[in-house]
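Chemist: structure33.txt is reproduced in full below (compact mmCIF, C-alpha atoms).
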# COMPACT_ATOMS: atom_id res chain seq x y z
CA MET F 185 -2.23 7.80 -19.08
CA LEU F 186 -3.33 6.63 -22.53
CA THR F 187 -6.17 4.31 -21.51
CA ALA F 188 -7.64 6.67 -18.91
CA THR F 189 -7.98 9.38 -21.57
CA ASP F 190 -9.84 6.99 -23.88
CA THR F 191 -12.10 5.81 -21.04
CA VAL F 192 -13.02 9.33 -19.92
CA ARG F 193 -13.74 10.32 -23.51
CA ALA F 194 -16.05 7.33 -23.94
CA HIS F 195 -17.86 7.43 -20.58
CA GLY F 196 -17.22 10.85 -19.02
CA LEU F 197 -15.60 11.44 -15.63
CA VAL F 198 -17.18 8.28 -14.22
CA GLY F 199 -14.57 6.47 -16.33
CA ALA F 200 -11.85 7.82 -14.01
CA ALA F 201 -12.81 5.28 -11.32
CA LEU F 202 -9.83 2.99 -11.89
CA ASP F 203 -7.34 5.64 -12.91
CA PRO F 204 -6.56 8.16 -11.52
CA ILE F 205 -9.04 7.81 -8.61
CA GLY F 206 -8.40 4.19 -7.64
CA ALA F 207 -4.65 4.22 -8.33
CA GLY F 208 -4.22 7.59 -6.59
CA LEU F 209 -6.11 6.41 -3.50
CA CYS F 210 -3.86 3.34 -3.43
CA LEU F 211 -0.85 5.57 -2.74
CA PHE F 212 -2.57 7.35 0.16
CA LEU F 213 -3.73 4.02 1.62
CA ALA F 214 -0.21 2.63 1.31
CA GLY F 215 1.19 5.54 3.31
CA TRP F 216 -1.54 5.25 5.92
CA LEU F 217 -1.81 1.48 6.35
CA ILE F 218 1.33 -0.37 5.35
CA ALA F 219 4.36 1.87 4.73
CA ARG F 220 5.67 2.24 8.30
CA PRO F 221 5.07 -1.34 9.59
CA LEU F 222 6.49 -2.93 6.42
CA TRP F 223 9.59 -0.69 6.43
CA GLU F 224 10.25 -1.48 10.10
CA MET F 225 10.32 -5.21 9.25
CA ARG F 226 13.33 -4.54 6.92
CA LEU F 227 12.00 -6.69 4.09
CA LEU F 228 13.37 -7.22 0.58
CA THR F 229 10.18 -8.49 -1.09
CA LEU F 230 6.53 -8.61 -0.09
CA PRO F 231 6.43 -12.44 0.16
CA ASP F 232 9.09 -12.04 2.88
CA PHE F 233 6.32 -10.54 5.00
CA TYR F 234 4.12 -13.62 4.54
CA ARG F 235 7.02 -15.82 5.67
CA ARG F 236 7.78 -13.69 8.74
CA ARG F 237 4.16 -13.26 9.79
CA PHE F 238 2.87 -16.71 8.82
CA ASP F 239 5.18 -19.44 7.42
CA GLU F 240 7.15 -20.60 4.36
CA PRO F 241 4.22 -22.29 2.51
CA THR F 242 2.32 -19.00 2.72
CA GLU F 243 5.38 -17.18 1.36
CA ARG F 244 5.70 -19.58 -1.57
CA LEU F 245 2.00 -19.41 -2.45
CA SER F 246 2.05 -15.60 -2.38
CA ALA F 247 5.07 -15.61 -4.71
CA VAL F 248 3.46 -18.08 -7.11
CA LEU F 249 0.30 -15.95 -7.24
CA MET F 250 2.20 -12.70 -7.65
CA ILE F 251 4.79 -13.41 -10.36
CA PRO F 252 2.58 -14.33 -13.38
CA THR F 253 0.38 -11.26 -12.92
CA TYR F 254 3.21 -9.08 -14.22
CA PHE F 255 3.84 -10.89 -17.53
CA GLY F 256 0.74 -9.55 -19.29
CA TRP F 257 1.29 -6.06 -17.91
CA ILE F 258 4.91 -5.98 -19.16
CA ALA F 259 3.84 -7.46 -22.52
CA ALA F 260 1.26 -4.71 -22.94
CA GLN F 261 4.02 -2.11 -22.48
CA PHE F 262 6.25 -3.87 -25.03
CA VAL F 263 3.44 -3.86 -27.59
CA ALA F 264 2.48 -0.23 -26.88
CA LEU F 265 6.01 1.08 -27.38
CA ALA F 266 6.57 -1.14 -30.43
CA GLN F 267 3.45 0.35 -32.01
CA LEU F 268 4.77 3.85 -31.29
CA LEU F 269 8.10 2.97 -32.92
CA GLN F 270 6.21 1.64 -35.94
CA LEU F 271 4.28 4.92 -36.17
CA VAL F 272 7.35 7.15 -35.86
CA PHE F 273 10.09 5.10 -37.54
CA ASP F 274 8.09 2.55 -39.58
CA LEU F 275 9.78 -0.24 -37.59
CA ASP F 276 8.32 -3.74 -37.80
CA PRO F 277 6.34 -4.39 -34.56
CA SER F 278 8.02 -7.78 -34.00
CA ILE F 279 11.44 -6.17 -34.11
CA GLY F 280 10.15 -3.32 -31.97
CA ILE F 281 8.95 -5.67 -29.21
CA VAL F 282 12.34 -7.39 -29.04
CA LEU F 283 14.22 -4.07 -29.15
CA VAL F 284 12.13 -2.53 -26.37
CA ALA F 285 12.50 -5.67 -24.26
CA ILE F 286 16.29 -5.65 -24.63
CA VAL F 287 16.60 -1.97 -23.72
CA GLY F 288 14.32 -2.31 -20.68
CA MET F 289 16.06 -5.49 -19.54
CA LEU F 290 19.59 -4.07 -19.92
CA TYR F 291 19.20 -0.96 -17.83
CA THR F 292 17.25 -2.92 -15.20
CA LEU F 293 20.13 -5.41 -15.10
CA LEU F 294 22.77 -2.69 -14.89
CA GLY F 295 21.28 -0.75 -12.01
CA GLY F 296 18.56 -2.77 -10.30
CA MET F 297 16.49 -0.61 -7.94
CA TRP F 298 18.76 2.41 -8.58
CA SER F 299 18.11 2.24 -12.31
CA VAL F 300 14.37 1.99 -11.71
CA THR F 301 14.11 4.94 -9.33
CA LEU F 302 16.58 7.28 -11.06
CA THR F 303 15.22 6.74 -14.56
CA ASP F 304 11.65 7.05 -13.25
CA ALA F 305 12.51 10.41 -11.68
CA VAL F 306 13.74 11.77 -15.02
CA GLN F 307 10.95 10.14 -17.02
CA LEU F 308 8.29 11.55 -14.70
CA CYS F 309 9.53 15.07 -15.42
CA VAL F 310 9.27 14.41 -19.17
CA ILE F 311 5.77 12.94 -18.73
CA ALA F 312 4.59 15.96 -16.73
CA LEU F 313 6.06 18.39 -19.27
CA GLY F 314 4.55 16.55 -22.25
CA LEU F 315 1.13 16.22 -20.61
CA GLY F 316 1.08 19.85 -19.53
CA LEU F 317 2.08 21.08 -22.97
CA LEU F 318 -0.55 18.97 -24.77
CA THR F 319 -3.29 19.99 -22.31
CA ALA F 320 -2.45 23.69 -22.63
CA THR F 321 -2.43 23.42 -26.43
CA VAL F 322 -5.80 21.64 -26.53
CA LEU F 323 -7.40 24.14 -24.12
CA ALA F 324 -6.01 27.03 -26.17
CA GLU F 325 -7.59 25.45 -29.24
CA LEU F 326 -10.91 25.27 -27.39
CA GLY F 327 -10.61 28.90 -26.26
CA GLU F 328 -9.39 30.23 -29.62
CA GLY F 329 -5.99 31.10 -28.21
CA SER F 330 -6.84 31.44 -24.50
CA VAL F 331 -6.29 28.55 -22.11
CA LEU F 332 -8.67 30.10 -19.56
CA GLU F 333 -11.41 30.58 -22.15
CA GLY F 334 -10.87 27.00 -23.30
CA TRP F 335 -11.33 25.74 -19.73
CA LEU F 336 -14.53 27.77 -19.34
CA ARG F 337 -15.87 26.51 -22.67
CA LEU F 338 -15.11 22.93 -21.66
CA GLY F 339 -17.15 23.44 -18.48
CA ARG F 340 -20.08 24.90 -20.44
CA GLU F 341 -20.17 22.26 -23.17
CA THR F 342 -19.64 19.18 -20.99
CA THR F 343 -23.05 17.71 -20.18
CA GLU F 344 -24.09 17.05 -16.61
CA GLU F 345 -24.02 13.30 -17.27
CA ARG F 346 -20.44 13.37 -18.53
CA ALA F 347 -19.30 15.72 -15.74
CA ARG F 348 -20.60 13.37 -13.02
CA LEU F 349 -17.64 11.84 -11.18
CA VAL F 350 -19.64 9.45 -8.98
CA PRO F 351 -22.84 7.82 -10.38
CA THR F 352 -24.95 8.31 -7.27
CA HIS F 353 -28.15 8.56 -9.33
CA ASP F 354 -28.13 4.84 -10.18
CA ALA F 355 -27.61 2.18 -7.47
CA ARG F 356 -26.31 -0.51 -9.85
CA GLN F 357 -23.87 1.85 -11.53
CA PHE F 358 -22.70 3.08 -8.13
CA VAL F 359 -21.98 -0.46 -6.91
CA THR F 360 -20.04 -1.17 -10.10
CA TRP F 361 -18.15 2.10 -9.71
CA VAL F 362 -17.19 1.25 -6.12
CA GLY F 363 -15.92 -2.14 -7.29
CA VAL F 364 -13.71 -0.57 -9.95
CA VAL F 365 -12.31 1.97 -7.46
CA ALA F 366 -11.63 -0.88 -5.02
CA VAL F 367 -9.64 -2.83 -7.61
CA GLY F 368 -7.41 0.19 -8.21
CA ALA F 369 -7.16 1.34 -4.58
CA LEU F 370 -6.86 -2.03 -2.83
CA GLY F 371 -5.72 -4.47 -5.51
CA ASN F 372 -2.35 -2.76 -5.92
CA LEU F 373 -1.55 -2.53 -2.20
CA PRO F 374 -0.05 -6.06 -2.07
CA GLY F 375 2.14 -5.37 -5.10
CA GLN F 376 5.91 -5.71 -5.20
CA ASP F 377 6.22 -2.73 -7.57
CA LEU F 378 4.73 -0.44 -4.89
CA THR F 379 6.23 -2.01 -1.78
CA GLN F 380 9.76 -2.21 -3.23
CA ARG F 381 9.81 1.62 -3.01
CA ILE F 382 8.78 1.40 0.63
CA PHE F 383 11.51 -1.14 1.42
CA ALA F 384 14.16 1.01 -0.32
CA SER F 385 13.28 4.24 1.50
CA ARG F 386 15.73 5.98 3.83
CA SER F 387 13.41 5.70 6.83
CA ALA F 388 9.88 4.69 7.81
CA THR F 389 8.84 8.35 7.83
CA THR F 390 10.27 8.84 4.34
CA ALA F 391 8.40 5.77 3.10
CA MET F 392 5.11 7.02 4.56
CA TRP F 393 5.37 10.60 3.28
CA ALA F 394 6.68 9.51 -0.11
CA CYS F 395 3.43 7.58 -0.61
CA HIS F 396 1.29 10.60 0.36
CA ILE F 397 3.24 13.04 -1.81
CA ALA F 398 3.14 10.60 -4.72
CA GLY F 399 -0.63 10.39 -4.31
CA VAL F 400 -0.95 14.17 -4.61
CA VAL F 401 1.28 14.26 -7.71
CA TYR F 402 -0.61 11.34 -9.25
CA PHE F 403 -3.94 13.13 -8.89
CA ALA F 404 -2.40 16.32 -10.28
CA LEU F 405 -1.18 14.54 -13.41
CA GLY F 406 -4.50 12.72 -13.61
CA VAL F 407 -6.27 16.05 -14.06
CA PHE F 408 -4.47 16.40 -17.42
CA THR F 409 -5.76 13.05 -18.70
CA LEU F 410 -9.34 13.84 -17.58
CA THR F 411 -9.20 17.26 -19.26
CA LEU F 412 -7.90 15.77 -22.49
CA GLY F 413 -10.59 13.07 -22.52
CA LEU F 414 -13.40 15.59 -22.09
CA SER F 415 -11.83 18.08 -24.53
CA ALA F 416 -11.56 15.49 -27.29
CA ASP F 417 -15.31 14.92 -27.21
CA VAL F 418 -15.91 18.67 -27.67
CA LEU F 419 -13.25 19.28 -30.35
CA VAL F 420 -13.65 16.16 -32.50
CA PRO F 421 -16.97 14.54 -31.48
CA GLY F 422 -17.19 12.11 -34.38
CA TYR F 423 -13.66 10.70 -34.14
CA ALA F 424 -13.03 7.07 -33.14
CA GLN F 425 -12.80 6.71 -29.35
CA THR F 426 -9.35 5.09 -29.33
CA ALA F 427 -5.85 6.54 -29.18
CA THR F 428 -7.40 9.83 -28.05
CA MET F 429 -4.20 11.37 -26.73
CA THR F 430 -2.20 10.47 -29.84
CA MET F 431 -4.99 11.83 -32.03
CA LEU F 432 -4.99 15.17 -30.18
CA ALA F 433 -1.22 15.42 -30.45
CA SER F 434 -1.25 14.73 -34.19
CA LEU F 435 -4.02 17.28 -34.79
CA PHE F 436 -2.91 20.21 -32.65
CA LEU F 437 0.81 19.97 -31.87
CA SER F 438 3.46 21.47 -34.13
CA PRO F 439 6.49 19.24 -34.94
CA ILE F 440 8.75 20.18 -32.00
CA PRO F 441 6.06 19.81 -29.27
CA ALA F 442 4.92 16.62 -31.02
CA VAL F 443 8.42 15.19 -30.55
CA LEU F 444 8.26 16.11 -26.87
CA PHE F 445 4.91 14.33 -26.60
CA VAL F 446 6.33 11.17 -28.21
CA LEU F 447 9.20 11.30 -25.70
CA ALA F 448 6.67 11.67 -22.88
CA VAL F 449 4.79 8.56 -24.02
CA MET F 450 8.04 6.61 -24.39
CA SER F 451 9.09 7.75 -20.90
CA ALA F 452 5.77 6.64 -19.43
CA VAL F 453 6.09 3.18 -20.97
CA LEU F 454 9.77 2.73 -20.08
CA SER F 455 9.18 3.82 -16.48
CA THR F 456 6.51 1.11 -16.27
CA ILE F 457 8.66 -1.57 -17.91
CA ASP F 458 11.65 -1.37 -15.57
CA SER F 459 9.52 -1.40 -12.41
CA ALA F 460 7.37 -4.25 -13.73
CA ILE F 461 10.40 -6.36 -14.70
CA LEU F 462 12.26 -5.86 -11.43
CA SER F 463 9.23 -6.64 -9.23
CA PRO F 464 8.54 -10.29 -10.19
CA ALA F 465 12.26 -10.90 -10.79
CA SER F 466 13.02 -9.97 -7.17
CA VAL F 467 10.25 -12.23 -5.89
CA LEU F 468 11.37 -15.11 -8.12
CA ALA F 469 14.99 -14.84 -6.97
CA GLN F 470 14.41 -14.13 -3.28
CA ASN F 471 11.44 -16.29 -2.45
CA LEU F 472 11.50 -19.22 -4.88
CA LEU F 473 15.08 -19.71 -6.12
CA SER F 474 17.33 -18.63 -3.22
CA PRO F 475 15.97 -21.17 -0.70
CA ARG F 476 16.63 -23.96 -3.22
CA LEU F 477 19.96 -22.62 -4.52
CA PRO F 478 21.65 -21.35 -1.34
CA LYS F 479 25.18 -21.57 -2.81
CA VAL F 480 24.43 -19.30 -5.77
CA ASP F 481 25.16 -15.57 -5.37
CA PRO F 482 21.80 -13.78 -4.78
CA LEU F 483 22.81 -11.00 -7.20
CA VAL F 484 23.37 -13.60 -9.95
CA LEU F 485 19.97 -15.13 -9.22
CA ASN F 486 18.34 -11.71 -9.42
CA ARG F 487 19.96 -10.95 -12.76
CA TRP F 488 18.94 -14.28 -14.29
CA SER F 489 15.45 -13.71 -12.92
CA VAL F 490 15.31 -10.35 -14.73
CA VAL F 491 16.24 -12.14 -17.96
CA SER F 492 13.65 -14.89 -17.34
CA VAL F 493 10.83 -12.45 -16.63
CA THR F 494 11.71 -10.45 -19.76
CA ILE F 495 11.67 -13.58 -21.94
CA ALA F 496 8.33 -14.74 -20.47
CA SER F 497 6.85 -11.29 -21.13
CA VAL F 498 8.13 -11.22 -24.73
CA ILE F 499 6.56 -14.63 -25.34
CA THR F 500 3.30 -13.31 -23.88
CA ALA F 501 3.47 -10.29 -26.19
CA PHE F 502 3.93 -12.52 -29.26
CA ILE F 503 1.09 -14.85 -28.23
CA GLY F 504 -1.29 -11.96 -28.84
CA GLU F 505 -3.87 -9.58 -27.47
CA SER F 506 -6.15 -12.19 -25.92
CA ALA F 507 -3.36 -13.73 -23.87
CA TYR F 508 -2.01 -10.60 -22.25
CA SER F 509 -5.48 -9.10 -21.84
CA LEU F 510 -6.37 -12.21 -19.84
CA LEU F 511 -3.21 -11.89 -17.80
CA GLU F 512 -3.85 -8.20 -17.16
CA SER F 513 -7.09 -9.27 -15.51
CA ALA F 514 -4.93 -11.26 -13.12
CA TYR F 515 -3.93 -7.93 -11.53
CA GLU F 516 -7.13 -8.43 -9.54
CA LEU F 517 -5.37 -11.39 -7.91
CA GLY F 518 -3.72 -8.99 -5.50
CA LEU F 519 -7.11 -7.94 -4.21
CA VAL F 520 -8.71 -11.39 -4.02
CA SER F 521 -5.77 -13.37 -2.63
CA LEU F 522 -3.05 -11.29 -0.98
CA LEU F 523 -4.76 -8.22 0.47
CA VAL F 524 -6.63 -9.80 3.39
CA PRO F 525 -3.63 -11.70 4.88
CA LEU F 526 -1.48 -8.58 4.38
CA LEU F 527 -3.76 -6.16 6.22
CA MET F 528 -4.83 -8.67 8.89
CA GLY F 529 -1.22 -9.68 9.43
CA ILE F 530 -0.04 -6.09 9.80
CA ARG F 531 -2.91 -4.64 11.79
CA THR F 532 -4.00 -7.56 14.01
CA VAL F 533 -2.61 -10.58 15.82
CA LEU F 534 -5.53 -12.71 14.63
CA GLY F 535 -4.89 -15.74 12.48
CA GLY F 536 -1.98 -17.96 11.65
CA PRO F 537 -0.76 -19.83 8.57
CA ARG F 538 -3.98 -21.81 8.14
CA ALA F 539 -6.10 -18.66 8.12
CA ALA F 540 -3.80 -16.96 5.61
CA LEU F 541 -3.69 -19.95 3.25
CA ALA F 542 -7.45 -20.53 3.49
CA SER F 543 -8.12 -16.88 2.68
CA MET F 544 -5.73 -16.86 -0.31
CA ILE F 545 -7.11 -20.09 -1.75
CA SER F 546 -10.83 -19.31 -1.24
CA GLY F 547 -10.60 -15.80 -2.72
CA THR F 548 -8.52 -16.96 -5.67
CA LEU F 549 -10.76 -19.95 -6.46
CA LEU F 550 -13.95 -17.90 -6.30
CA TRP F 551 -12.50 -15.23 -8.59
CA SER F 552 -11.05 -17.83 -10.98
CA VAL F 553 -14.39 -19.63 -11.38
CA HIS F 554 -16.07 -16.35 -12.37
CA LEU F 555 -13.24 -15.56 -14.80
CA ALA F 556 -13.46 -19.01 -16.40
CA LEU F 557 -17.25 -18.84 -16.75
CA GLY F 558 -17.15 -15.30 -18.11
CA TRP F 559 -19.38 -13.89 -15.35
CA THR F 560 -18.82 -10.14 -15.23
CA SER F 561 -20.31 -9.72 -11.75
CA PHE F 562 -20.67 -11.95 -8.69
CA LEU F 563 -22.97 -14.91 -9.49
CA SER F 564 -24.22 -12.98 -12.53
CA PRO F 565 -26.97 -15.38 -13.73
CA PHE F 566 -28.54 -15.56 -10.27
CA VAL F 567 -27.94 -12.13 -8.70
CA ASP F 568 -28.19 -9.73 -11.66
CA PRO F 569 -31.94 -10.35 -12.24
CA LEU F 570 -32.51 -9.17 -8.65
CA GLY F 571 -31.13 -5.75 -9.57
CA LEU F 572 -27.70 -6.23 -7.99
CA ARG F 573 -24.39 -6.12 -9.80
CA LEU F 574 -21.80 -7.03 -7.20
CA PRO F 575 -18.14 -6.67 -8.32
CA VAL F 576 -16.46 -10.07 -8.55
CA ALA F 577 -13.03 -9.05 -7.23
CA LEU F 578 -14.34 -7.08 -4.25
CA THR F 579 -16.85 -9.80 -3.32
CA SER F 580 -14.16 -12.50 -3.58
CA ALA F 581 -11.92 -10.46 -1.27
CA LEU F 582 -14.75 -10.12 1.26
CA VAL F 583 -15.31 -13.88 1.13
CA GLY F 584 -11.58 -14.31 1.75
CA LEU F 585 -11.89 -12.02 4.78
CA VAL F 586 -14.79 -14.06 6.18
CA VAL F 587 -12.82 -17.28 5.68
CA TYR F 588 -9.75 -15.76 7.34
CA LEU F 589 -11.74 -14.64 10.39
CA GLY F 590 -13.54 -17.98 10.58
CA VAL F 591 -10.34 -20.03 10.55
CA ALA F 592 -8.61 -17.58 12.90
CA ARG F 593 -11.51 -17.90 15.35
CA ARG F 594 -11.31 -21.67 15.17
CA GLU F 595 -7.56 -21.57 15.84
CA GLN F 596 -8.19 -19.27 18.82
CA VAL F 597 -10.81 -21.60 20.31
CA ARG F 598 -8.46 -24.55 19.94
CA ALA F 599 -5.66 -22.59 21.64
CA TRP F 600 -7.97 -21.67 24.55
CA ALA F 601 -9.13 -25.28 24.89
CA GLY F 602 -5.55 -26.51 24.90
CA ALA F 603 -4.57 -23.98 27.57
CA ALA F 604 -7.54 -24.94 29.73
CA ASP F 605 -6.94 -28.69 29.37
CA PRO F 606 -3.33 -29.50 28.36
CA GLY F 607 -4.23 -33.19 28.10
CA ALA F 608 -7.01 -32.58 25.57
How does this structure look as structure tokens?
Modeler:
Amino acid sequence: MLTATDTVRAHGLVGAALDPIGAGLCLFLAGWLIARPLWEMRLLTLPDFYRRRFDEPTERLSAVLMIPTYFGWIAAQFVALAQLLQLVFDLDPSIGIVLVAIVGMLYTLLGGMWSVTLTDAVQLCVIALGLGLLTATVLAELGEGSVLEGWLRLGRETTEERARLVPTHDARQFVTWVGVVAVGALGNLPGQDLTQRIFASRSATTAMWACHIAGVVYFALGVFTLTLGLSADVLVPGYAQTATMTMLASLFLSPIPAVLFVLAVMSAVLSTIDSAILSPASVLAQNLLSPRLPKVDPLVLNRWSVVSVTIASVITAFIGESAYSLLESAYELGLVSLLVPLLMGIRTVLGGPRAALASMISGTLLWSVHLALGWTSFLSPFVDPLGLRLPVALTSALVGLVVYLGVARREQVRAWAGAADPGA
């Protein structure tokens, strides 16, 4: 919500590629591709799927790859809310981080999935109300008292370049744009925070339609952030292109609506924190600890996992910006390592454990090498001069798909040879 507004203000509507376009598409794809088959398997965590479809080593590797990706994301939420508390109450950020972590951890511990879903339902209403109020106020400011006139003025004063949603005029920009959309739309599909909602649904039909309806609502709320990003450039063109939404609220909201906006931001962050804490905690307890501690109550393991994930995220927050920014990049791990085995395992009978492991390892290694070398696109020093700018994450996922199919084909040939000649 906050970052998308800044990005659209800086780059125009093309900056909406990751959010809301990519993230919104992810919800539709989840309902179309994975919701029903995953629900029918009656899973508790996503790595359970990799165990059922492939084997236990594949389950463990998927869990190991999945858990750390959440620490930086949770830490970013801790820091964001601590900064808001500093702004409103002049609270020291270090104290704020610990306070936010304790609050988020406690109500996640108390209610588990119920606390996540029920609090999110209330918080979403506050977010929608706060966003709608701020957008209406900003448009009225543009239209000198009329929201409709403000909308029309925004359309007139937004340049064609900034109003372009898809950069079809430039091949390199288009390829980059597709890569960013793919990270948002595909990278989050193999995520415990999304699939835990599917597993907890009343029925397979509920799980499927919940994803589709959520996609519609997500795009609807995304319109507010896009409008605010474009409006800020018209109203205050020379202002720094950071904290755009907070800047608009401070300039144009009276005290009571400003309080509602602060509550909306706090709700957005808290609704992210509880989901993000519960997701890796469930995977840690179910897929890594339970098999090794069979005599310990699973609920106790889950609760201690919630505490452990919270502590790891607080440490990440205190390490600093560079650490959790690096870990946020690891969200692409879902796309490069887990997506191919998930979709191939659900939609085809091709491939076994070797194919899944080979795909995970090859995609992850290729992506990691680029991250370590600081290459912003696939084989940057060699391919960029040719006029191509291939997205690293998407290309790594495609390589993982090729490896999966190659190993699966080899397994198939061996199986055919064994059936034809049992003595071979």
Chemist: I'd like the interatomic distance between atom CA of Leu485 of chain F and atom CA of Ala465 of chain F, to a tenth of an Å.
Modeler: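 Rounded to one decimal, the two atoms are 8.9 Å apart.
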Chemist: Ranking F:Phe445, F:Tyr588, F:Trp216, F:Phe562 by minimum distance to Gly363 of chain F and counting all atoms listed in the file, which one comes first?
Modeler: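 For Gly363 of chain F, the nearest of the given residues is F:Phe562.
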Chemist: Using only C-alpha atoms, can you tell me which of F:Ser561, F:Asn471, F:Thr319, F:Ser451 comes closest to Ala577 of chain F?
Modeler: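 Ranking F:Ser561, F:Asn471, F:Thr319, F:Ser451 by distance to Ala577 of chain F, first place goes to F:Ser561.
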Chemist: Find, counting all atoms listed in the file, the residue in F:Ala592, F:Val362, F:Leu265, F:Leu432 that gets nearest to Leu414 of chain F.
Modeler: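 Closest to Leu414 of chain F, using all atoms listed in the file: F:Leu432.
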Chemist: Taking into account only C-alpha atoms, which residue in the set F:Ser463, F:Thr303, F:Thr189, F:Thr242 is nearest to Met431 of chain F?
Modeler: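 Under the stated criterion, the closest residue is F:Thr189.
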Chemist: When you look at Leu338 of chain F with a cut-off of 8 Å (counting all atoms listed in the file), what residues show up, excluding the ones that are within fewer than 4 positions of it in the same chain? I need them as an NGL selection string.
Modeler: :F and (326 or 334 or 342 or 414-415 or 418)
Chemist: Convert the current residue selection to file output with C-alpha atoms, as a tab-separated table (two decimals), in the coordinates of the input.
Modeler:
chain	number	residue	atom	x	y	z
F	326	LEU	CA	-10.91	25.27	-27.39
F	334	GLY	CA	-10.87	27.00	-23.30
F	342	THR	CA	-19.64	19.18	-20.99
F	414	LEU	CA	-13.40	15.59	-22.09
F	415	SER	CA	-11.83	18.08	-24.53
F	418	VAL	CA	-15.91	18.67	-27.67
Chemist: Looking at only C-alpha atoms, which of F:Val597, F:Leu578, F:Leu468, F:Ala433 is the one that sits closest to Val248 of chain F?
Modeler: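 When distances to Val248 of chain F are compared using only C-alpha atoms, the smallest one comes from F:Leu468.
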Chemist: Just the residues within 7 Å of Asp458 of chain F, please, counting all atoms listed in the file, with nothing from its chain fewer than 4 positions along; format it as an mmCIF file with C-alpha atoms, in the coordinates of the input.
Modeler:
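Done, and the output landed in result_27.cif:
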data_model
loop_
_atom_site.group_PDB
_atom_site.id
_atom_site.type_symbol
_atom_site.label_atom_id
_atom_site.label_comp_id
_atom_site.auth_asym_id
_atom_site.auth_seq_id
_atom_site.Cartn_x
_atom_site.Cartn_y
_atom_site.Cartn_z
ATOM 1 C CA GLY F 288 14.320 -2.310 -20.680
ATOM 2 C CA THR F 292 17.250 -2.920 -15.200
ATOM 3 C CA VAL F 300 14.370 1.990 -11.710
ATOM 4 C CA LEU F 454 9.770 2.730 -20.080
ATOM 5 C CA LEU F 462 12.260 -5.860 -11.430
#
Chemist: When you draw a straight line from atom CA of Trp257 of chain F to atom CA of Val493 of chain F, how long is it in Å?
Modeler: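 For atom CA of Trp257 of chain F relative to atom CA of Val493 of chain F, the distance reads 11.6 Å.
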Chemist: Which residues are close to Ala416 of chain F, i.e. within 12 Å by all atoms listed in the file, leaving aside same-chain residues fewer than 4 positions away? Reply as a ChimeraX atom specification.
Modeler: /F:189-194,196,318-319,322-323,325-326,338,341-342,409-412,420-433,435-436
Chemist: Neighbouring residues of Leu222 of chain F were defined as those with any atom within 12 Å, considering all atoms listed in the file; residues of the same chain fewer than 5 positions away were excluded. Please report them as number ranges by chain.
Modeler: F: 214-217, 227-234, 236-237, 373-374, 376, 378-385, 387-389, 391-392, 526-527, 529-531
Chemist: Mind giving me the straight-line distance from atom CA of Leu522 of chain F to atom CA of Ser246 of chain F in Å, one decimal?
Modeler: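 Between atom CA of Leu522 of chain F and atom CA of Ser246 of chain F the gap is 6.8 Å.
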